[in-house]
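Asker: After the structure tokens below, expect a handful of questions from me.
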Amino acid sequence: MKAAVREAARTIQQMGTSIELKVAHTKPESVLDELETQLKGYDHRFSANDPRSELNQLNQLAGQKGLVLDPELYQLIEIGKHHSCAPHSQLNIAIGPLVQAWRIGFEDARIVSETQVKELLALTDPQQIQLAAGKVFLKKAGMRIDLGALAKGYIADKLRTHCQARGAAYGLINLGGNIVCFGAAPNHSDGHWRIGIRDPKGGRADTLGILPIKDQTVVTSGIYERVLTTAEGTYHHLIDPQSGFPIECGYLSITIVAATSLLGEIWTSRLFGKPIPVVLQEIQQQPEIEGIIVTKENEVIASKGIQARLLR
């Protein structure tokens with residue numbers, strides 16, 4: 001007798017966030033165990049905050065010598081450099097020195113002076129990342145790669161690929177703002193998953209709209225969770241690669257809908273901080289993505305290709 005497909009779910013704390021995994025399989029618990037093991041491995045490889053990670057081994061050699069990296073880490077740095085060097089991109093994987101100086105989202109977060117910001121900006125040129133035959137060399141001492149803008153998307157896609165290779169019927173992977181769905185949703189006749197567009201001014205369960213998707217990913221970047229509040233003001237964790245200070249803009253979040261989570265990460269990062277008309281124009285020019293912006297007044301603005309699908 002053929003084994004029945006069952007659904008199982010698991011919530012774990014990893015990568016600085018709450019991760020939700022759901023999978024339908026004849027042995028779903030085994031698949032979830034495998035996903036959890038993979039998450040721990042990726043976290044160790046890609047983390048900019050774990051001093052023992054492979055990425056930090058590379059950062060510690062900045063200005064001294066290059067390091068041959070695991071092929072997946074090398075690939076992600078290569079992708080990150082390409083998009084960091086694109087004209088007018090807000091993504092910069094060389095922004096590590098500034099991220100580590102501000103430390104927003106951690107207990108030791110602090111305000112960085114204009115003088116120090118200026119000094120650190122000199123260490124954030126992505127063109128100074130040298131790539132060759134699996135080896136990466138950071139040309140200036142003090143440089144640091146930070147893959148926080150890309151890693152979750154890359155990992156989410158890898159987890160989905162693993163589930164599908166194992167024959168999972170359907171599943172949902174949520175890496176704290178990076179949601180990947182595959183297969184037909186079990187509770188809806190149209191097979192579409194219902195993904196909430198979060199209300200930035202509410203709790204985690206509060207939404208401003210619902211987006212039905214199937215075999216797609218939804219990636220949201222926002223400035224409403226990881227903040228530092230002092231007498232001088234409130235500062236969020238998204239650093240402007242041009243100014244070195246937290247991004248100033250008229251919105252609280254950007255959500256990108258795409259075929260892969262990595263693509264969603266790339267475009268939320270490349271676009272965040274640009275004026276709303278520019279964001280919408282650039283989304284319109286990229287046929288593989290759609291987007292949703294939530295303004296500081298909680299107005300929801302959707303790109304043309306997704307307006308009719310968004311349920312209010």
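Letters for chains follow the order of the structure tokens (A, B, ...), residue numbers begin at 1 for each chain, and ligand numbers begin at 1 in the order shown.
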Got a sec: who's within 10 Å of A:Tyr42, counting only C-alpha atoms, leaving out chain neighbours fewer than 2 positions off, as a PDB file with all heavy atoms, in the first residue's frame?
Answerer:
ATOM      1  N   MET A  15      18.873  32.290  12.253  1.00  0.00           N
ATOM      2  CA  MET A  15      19.181  33.426  11.387  1.00  0.00           C
ATOM      3  C   MET A  15      18.582  34.724  11.918  1.00  0.00           C
ATOM      4  O   MET A  15      18.210  35.620  11.158  1.00  0.00           O
ATOM      5  CB  MET A  15      18.684  33.155   9.960  1.00  0.00           C
ATOM      6  CG  MET A  15      19.331  31.959   9.297  1.00  0.00           C
ATOM      7  SD  MET A  15      18.483  31.418   7.803  1.00  0.00           S
ATOM      8  CE  MET A  15      18.525  32.922   6.838  1.00  0.00           C
ATOM      9  N   GLU A  36      15.929  21.710   8.572  1.00  0.00           N
ATOM     10  CA  GLU A  36      16.519  22.351   9.750  1.00  0.00           C
ATOM     11  C   GLU A  36      18.039  22.193   9.748  1.00  0.00           C
ATOM     12  O   GLU A  36      18.775  23.131  10.085  1.00  0.00           O
ATOM     13  CB  GLU A  36      15.924  21.754  11.023  1.00  0.00           C
ATOM     14  CG  GLU A  36      16.293  22.519  12.268  1.00  0.00           C
ATOM     15  CD  GLU A  36      15.450  22.145  13.472  1.00  0.00           C
ATOM     16  OE1 GLU A  36      14.454  21.407  13.319  1.00  0.00           O
ATOM     17  OE2 GLU A  36      15.786  22.606  14.579  1.00  0.00           O
ATOM     18  N   THR A  37      18.513  21.026   9.348  1.00  0.00           N
ATOM     19  CA  THR A  37      19.961  20.812   9.252  1.00  0.00           C
ATOM     20  C   THR A  37      20.577  21.737   8.207  1.00  0.00           C
ATOM     21  O   THR A  37      21.644  22.327   8.428  1.00  0.00           O
ATOM     22  CB  THR A  37      20.257  19.343   8.892  1.00  0.00           C
ATOM     23  OG1 THR A  37      19.761  18.496   9.938  1.00  0.00           O
ATOM     24  CG2 THR A  37      21.744  19.110   8.726  1.00  0.00           C
ATOM     25  N   GLN A  38      19.898  21.863   7.061  1.00  0.00           N
ATOM     26  CA  GLN A  38      20.408  22.755   6.014  1.00  0.00           C
ATOM     27  C   GLN A  38      20.441  24.210   6.494  1.00  0.00           C
ATOM     28  O   GLN A  38      21.397  24.945   6.208  1.00  0.00           O
ATOM     29  CB  GLN A  38      19.545  22.631   4.764  1.00  0.00           C
ATOM     30  CG  GLN A  38      19.737  21.322   4.008  1.00  0.00           C
ATOM     31  CD  GLN A  38      19.048  21.330   2.651  1.00  0.00           C
ATOM     32  OE1 GLN A  38      18.512  22.334   2.214  1.00  0.00           O
ATOM     33  NE2 GLN A  38      19.060  20.198   1.984  1.00  0.00           N
ATOM     34  N   LEU A  39      19.416  24.628   7.218  1.00  0.00           N
ATOM     35  CA  LEU A  39      19.371  26.001   7.721  1.00  0.00           C
ATOM     36  C   LEU A  39      20.559  26.293   8.630  1.00  0.00           C
ATOM     37  O   LEU A  39      21.175  27.361   8.538  1.00  0.00           O
ATOM     38  CB  LEU A  39      18.069  26.240   8.480  1.00  0.00           C
ATOM     39  CG  LEU A  39      16.851  26.581   7.624  1.00  0.00           C
ATOM     40  CD1 LEU A  39      15.572  26.442   8.432  1.00  0.00           C
ATOM     41  CD2 LEU A  39      16.975  27.999   7.078  1.00  0.00           C
ATOM     42  N   LYS A  40      20.887  25.361   9.494  1.00  0.00           N
ATOM     43  CA  LYS A  40      22.028  25.560  10.392  1.00  0.00           C
ATOM     44  C   LYS A  40      23.321  25.677   9.604  1.00  0.00           C
ATOM     45  O   LYS A  40      24.186  26.503   9.910  1.00  0.00           O
ATOM     46  CB  LYS A  40      22.112  24.405  11.388  1.00  0.00           C
ATOM     47  CG  LYS A  40      20.984  24.396  12.409  1.00  0.00           C
ATOM     48  CD  LYS A  40      21.067  23.185  13.332  1.00  0.00           C
ATOM     49  CE  LYS A  40      19.914  23.182  14.336  1.00  0.00           C
ATOM     50  NZ  LYS A  40      19.919  21.973  15.189  1.00  0.00           N
ATOM     51  N   HIS A  44      25.680  29.121   9.310  1.00  0.00           N
ATOM     52  CA  HIS A  44      27.105  29.130   9.640  1.00  0.00           C
ATOM     53  C   HIS A  44      27.951  29.661   8.480  1.00  0.00           C
ATOM     54  O   HIS A  44      28.958  30.336   8.688  1.00  0.00           O
ATOM     55  CB  HIS A  44      27.573  27.725  10.004  1.00  0.00           C
ATOM     56  CG  HIS A  44      29.043  27.627  10.256  1.00  0.00           C
ATOM     57  ND1 HIS A  44      29.649  28.183  11.360  1.00  0.00           N
ATOM     58  CD2 HIS A  44      30.042  27.077   9.527  1.00  0.00           C
ATOM     59  CE1 HIS A  44      30.951  27.969  11.303  1.00  0.00           C
ATOM     60  NE2 HIS A  44      31.217  27.300  10.204  1.00  0.00           N
ATOM     61  N   ARG A  45      27.504  29.386   7.264  1.00  0.00           N
ATOM     62  CA  ARG A  45      28.294  29.791   6.094  1.00  0.00           C
ATOM     63  C   ARG A  45      28.128  31.269   5.768  1.00  0.00           C
ATOM     64  O   ARG A  45      29.091  31.958   5.444  1.00  0.00           O
ATOM     65  CB  ARG A  45      27.866  28.948   4.890  1.00  0.00           C
ATOM     66  CG  ARG A  45      28.654  29.214   3.614  1.00  0.00           C
ATOM     67  CD  ARG A  45      28.287  28.188   2.555  1.00  0.00           C
ATOM     68  NE  ARG A  45      28.607  26.843   3.021  1.00  0.00           N
ATOM     69  CZ  ARG A  45      27.894  25.761   2.712  1.00  0.00           C
ATOM     70  NH1 ARG A  45      26.828  25.849   1.962  1.00  0.00           N
ATOM     71  NH2 ARG A  45      28.266  24.585   3.175  1.00  0.00           N
ATOM     72  N   PHE A  46      26.894  31.783   5.850  1.00  0.00           N
ATOM     73  CA  PHE A  46      26.582  33.116   5.338  1.00  0.00           C
ATOM     74  C   PHE A  46      26.532  34.207   6.400  1.00  0.00           C
ATOM     75  O   PHE A  46      26.445  35.389   6.057  1.00  0.00           O
ATOM     76  CB  PHE A  46      25.232  33.104   4.618  1.00  0.00           C
ATOM     77  CG  PHE A  46      25.198  32.264   3.374  1.00  0.00           C
ATOM     78  CD1 PHE A  46      24.082  31.504   3.068  1.00  0.00           C
ATOM     79  CD2 PHE A  46      26.265  32.234   2.506  1.00  0.00           C
ATOM     80  CE1 PHE A  46      24.027  30.736   1.916  1.00  0.00           C
ATOM     81  CE2 PHE A  46      26.229  31.457   1.354  1.00  0.00           C
ATOM     82  CZ  PHE A  46      25.108  30.708   1.060  1.00  0.00           C
ATOM     83  N   SER A  47      26.549  33.869   7.678  1.00  0.00           N
ATOM     84  CA  SER A  47      26.315  34.855   8.722  1.00  0.00           C
ATOM     85  C   SER A  47      27.426  35.898   8.792  1.00  0.00           C
ATOM     86  O   SER A  47      28.610  35.571   8.818  1.00  0.00           O
ATOM     87  CB  SER A  47      26.180  34.183  10.084  1.00  0.00           C
ATOM     88  OG  SER A  47      26.071  35.150  11.113  1.00  0.00           O
ATOM     89  N   SER A  53      31.813  31.998  11.154  1.00  0.00           N
ATOM     90  CA  SER A  53      31.249  31.687   9.846  1.00  0.00           C
ATOM     91  C   SER A  53      32.309  31.792   8.750  1.00  0.00           C
ATOM     92  O   SER A  53      33.319  32.485   8.888  1.00  0.00           O
ATOM     93  CB  SER A  53      30.086  32.633   9.517  1.00  0.00           C
ATOM     94  OG  SER A  53      30.557  33.931   9.204  1.00  0.00           O
ATOM     95  N   GLU A  54      32.036  31.129   7.646  1.00  0.00           N
ATOM     96  CA  GLU A  54      32.960  31.171   6.513  1.00  0.00           C
ATOM     97  C   GLU A  54      33.055  32.581   5.943  1.00  0.00           C
ATOM     98  O   GLU A  54      34.131  33.034   5.542  1.00  0.00           O
ATOM     99  CB  GLU A  54      32.506  30.191   5.429  1.00  0.00           C
ATOM    100  CG  GLU A  54      33.508  30.015   4.301  1.00  0.00           C
ATOM    101  CD  GLU A  54      33.120  28.939   3.310  1.00  0.00           C
ATOM    102  OE1 GLU A  54      32.119  28.237   3.550  1.00  0.00           O
ATOM    103  OE2 GLU A  54      33.822  28.795   2.286  1.00  0.00           O
ATOM    104  N   GLU A  72      28.700  27.716  -3.079  1.00  0.00           N
ATOM    105  CA  GLU A  72      27.452  28.454  -2.887  1.00  0.00           C
ATOM    106  C   GLU A  72      27.712  29.860  -2.347  1.00  0.00           C
ATOM    107  O   GLU A  72      27.068  30.829  -2.767  1.00  0.00           O
ATOM    108  CB  GLU A  72      26.524  27.684  -1.957  1.00  0.00           C
ATOM    109  CG  GLU A  72      25.957  26.422  -2.598  1.00  0.00           C
ATOM    110  CD  GLU A  72      24.972  25.714  -1.694  1.00  0.00           C
ATOM    111  OE1 GLU A  72      25.200  25.667  -0.475  1.00  0.00           O
ATOM    112  OE2 GLU A  72      23.970  25.177  -2.224  1.00  0.00           O
ATOM    113  N   LEU A  73      28.642  29.979  -1.425  1.00  0.00           N
ATOM    114  CA  LEU A  73      28.989  31.297  -0.898  1.00  0.00           C
ATOM    115  C   LEU A  73      29.630  32.152  -1.988  1.00  0.00           C
ATOM    116  O   LEU A  73      29.310  33.345  -2.131  1.00  0.00           O
ATOM    117  CB  LEU A  73      29.935  31.159   0.297  1.00  0.00           C
ATOM    118  CG  LEU A  73      30.419  32.472   0.949  1.00  0.00           C
ATOM    119  CD1 LEU A  73      29.255  33.358   1.346  1.00  0.00           C
ATOM    120  CD2 LEU A  73      31.305  32.162   2.148  1.00  0.00           C
ATOM    121  N   ALA A 151      20.884  36.708   1.538  1.00  0.00           N
ATOM    122  CA  ALA A 151      21.066  35.321   1.973  1.00  0.00           C
ATOM    123  C   ALA A 151      19.757  34.581   2.210  1.00  0.00           C
ATOM    124  O   ALA A 151      19.604  33.420   1.811  1.00  0.00           O
ATOM    125  CB  ALA A 151      21.934  35.275   3.228  1.00  0.00           C
ATOM    126  N   LYS A 152      18.788  35.236   2.863  1.00  0.00           N
ATOM    127  CA  LYS A 152      17.534  34.540   3.155  1.00  0.00           C
ATOM    128  C   LYS A 152      16.821  34.109   1.876  1.00  0.00           C
ATOM    129  O   LYS A 152      16.238  33.020   1.813  1.00  0.00           O
ATOM    130  CB  LYS A 152      16.623  35.419   4.009  1.00  0.00           C
ATOM    131  CG  LYS A 152      17.077  35.551   5.453  1.00  0.00           C
ATOM    132  CD  LYS A 152      16.114  36.417   6.244  1.00  0.00           C
ATOM    133  CE  LYS A 152      16.610  36.631   7.661  1.00  0.00           C
ATOM    134  NZ  LYS A 152      15.714  37.534   8.425  1.00  0.00           N
ATOM    135  N   TYR A 154      18.240  33.445  -1.059  1.00  0.00           N
ATOM    136  CA  TYR A 154      19.018  32.348  -1.625  1.00  0.00           C
ATOM    137  C   TYR A 154      18.711  31.042  -0.893  1.00  0.00           C
ATOM    138  O   TYR A 154      18.470  29.991  -1.517  1.00  0.00           O
ATOM    139  CB  TYR A 154      20.503  32.684  -1.521  1.00  0.00           C
ATOM    140  CG  TYR A 154      21.449  31.677  -2.134  1.00  0.00           C
ATOM    141  CD1 TYR A 154      21.817  31.793  -3.474  1.00  0.00           C
ATOM    142  CD2 TYR A 154      21.990  30.639  -1.390  1.00  0.00           C
ATOM    143  CE1 TYR A 154      22.700  30.891  -4.049  1.00  0.00           C
ATOM    144  CE2 TYR A 154      22.867  29.731  -1.954  1.00  0.00           C
ATOM    145  CZ  TYR A 154      23.221  29.865  -3.279  1.00  0.00           C
ATOM    146  OH  TYR A 154      24.092  28.961  -3.836  1.00  0.00           O
ATOM    147  N   ILE A 155      18.689  31.115   0.437  1.00  0.00           N
ATOM    148  CA  ILE A 155      18.458  29.920   1.255  1.00  0.00           C
ATOM    149  C   ILE A 155      17.037  29.398   1.058  1.00  0.00           C
ATOM    150  O   ILE A 155      16.829  28.187   0.933  1.00  0.00           O
ATOM    151  CB  ILE A 155      18.730  30.239   2.737  1.00  0.00           C
ATOM    152  CG1 ILE A 155      20.216  30.543   2.945  1.00  0.00           C
ATOM    153  CG2 ILE A 155      18.297  29.081   3.631  1.00  0.00           C
ATOM    154  CD1 ILE A 155      20.525  31.183   4.289  1.00  0.00           C
ATOM    155  N   LYS A 158      16.822  27.409  -2.022  1.00  0.00           N
ATOM    156  CA  LYS A 158      17.500  26.120  -1.869  1.00  0.00           C
ATOM    157  C   LYS A 158      16.622  25.137  -1.099  1.00  0.00           C
ATOM    158  O   LYS A 158      16.568  23.944  -1.425  1.00  0.00           O
ATOM    159  CB  LYS A 158      18.837  26.314  -1.150  1.00  0.00           C
ATOM    160  CG  LYS A 158      19.893  27.041  -1.976  1.00  0.00           C
ATOM    161  CD  LYS A 158      20.384  26.181  -3.111  1.00  0.00           C
ATOM    162  CE  LYS A 158      21.513  26.855  -3.878  1.00  0.00           C
ATOM    163  NZ  LYS A 158      22.035  26.014  -4.993  1.00  0.00           N
TER     164      LYS A 158
END
Asker: Looking only at strand (DSSP E or B) from DSSP on the backbone, list the matching residues of stretch 199-257 of chain A as a PyMOL selection string.
Answerer: chain A and resi 207-213+217-222+227-230+233-236+239+246+251-257
Asker: For the residues in that selection, give me C-alpha atoms as a PDB file, in the first residue's frame.
Answerer:
ATOM      1  CA  THR A 207      -2.597  42.870   7.298  1.00  0.00           C
ATOM      2  CA  LEU A 208      -3.511  45.593   4.815  1.00  0.00           C
ATOM      3  CA  GLY A 209      -4.320  43.165   2.029  1.00  0.00           C
ATOM      4  CA  ILE A 210      -4.152  39.554   0.921  1.00  0.00           C
ATOM      5  CA  LEU A 211      -2.236  38.382  -2.138  1.00  0.00           C
ATOM      6  CA  PRO A 212      -3.110  35.009  -3.730  1.00  0.00           C
ATOM      7  CA  ILE A 213      -0.033  33.345  -5.223  1.00  0.00           C
ATOM      8  CA  THR A 217       7.674  33.970  -3.671  1.00  0.00           C
ATOM      9  CA  VAL A 218       6.874  37.091  -1.695  1.00  0.00           C
ATOM     10  CA  VAL A 219       9.730  39.122  -0.183  1.00  0.00           C
ATOM     11  CA  THR A 220       9.193  42.140   2.051  1.00  0.00           C
ATOM     12  CA  SER A 221      11.788  44.630   3.275  1.00  0.00           C
ATOM     13  CA  GLY A 222      10.677  47.156   5.872  1.00  0.00           C
ATOM     14  CA  VAL A 227      15.018  50.063  15.220  1.00  0.00           C
ATOM     15  CA  LEU A 228      17.099  52.047  17.679  1.00  0.00           C
ATOM     16  CA  THR A 229      15.211  54.727  19.631  1.00  0.00           C
ATOM     17  CA  THR A 230      17.168  57.392  21.522  1.00  0.00           C
ATOM     18  CA  GLY A 233      15.319  60.062  17.353  1.00  0.00           C
ATOM     19  CA  THR A 234      14.485  56.649  15.916  1.00  0.00           C
ATOM     20  CA  TYR A 235      16.860  54.880  13.545  1.00  0.00           C
ATOM     21  CA  HIS A 236      16.128  51.746  11.507  1.00  0.00           C
ATOM     22  CA  ILE A 239      21.543  51.785   5.723  1.00  0.00           C
ATOM     23  CA  PRO A 246      19.554  54.908   7.815  1.00  0.00           C
ATOM     24  CA  TYR A 251       7.363  54.454   2.826  1.00  0.00           C
ATOM     25  CA  LEU A 252       7.621  51.712   5.415  1.00  0.00           C
ATOM     26  CA  SER A 253       7.945  48.605   3.255  1.00  0.00           C
ATOM     27  CA  ILE A 254       8.457  47.254  -0.234  1.00  0.00           C
ATOM     28  CA  THR A 255       7.181  43.807  -1.198  1.00  0.00           C
ATOM     29  CA  ILE A 256       8.367  42.074  -4.367  1.00  0.00           C
ATOM     30  CA  VAL A 257       6.570  39.104  -5.951  1.00  0.00           C
TER      31      VAL A 257
END
Asker: Using only C-alpha atoms, find the one residue out of A:Gly167, A:Pro97, A:Gly80, A:Gly203 that sits nearest to A:Leu147.
Answerer: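 Comparing A:Gly167, A:Pro97, A:Gly80, A:Gly203 against A:Leu147, the winner is A:Gly80.
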Asker: May I have the residues within 10 Å of A:Gln100 as a PyMOL selection string, using only C-alpha atoms and disregarding those fewer than 2 positions away in the same chain?
Answerer: chain A and resi 48-49+95-98+102-104+106+109+144+146
Asker: For A:Ile19, which residue among A:Leu76, A:Ala308, A:Ala156, A:Ile266 is the nearest when counting only C-alpha atoms?
Answerer: A:Ala156
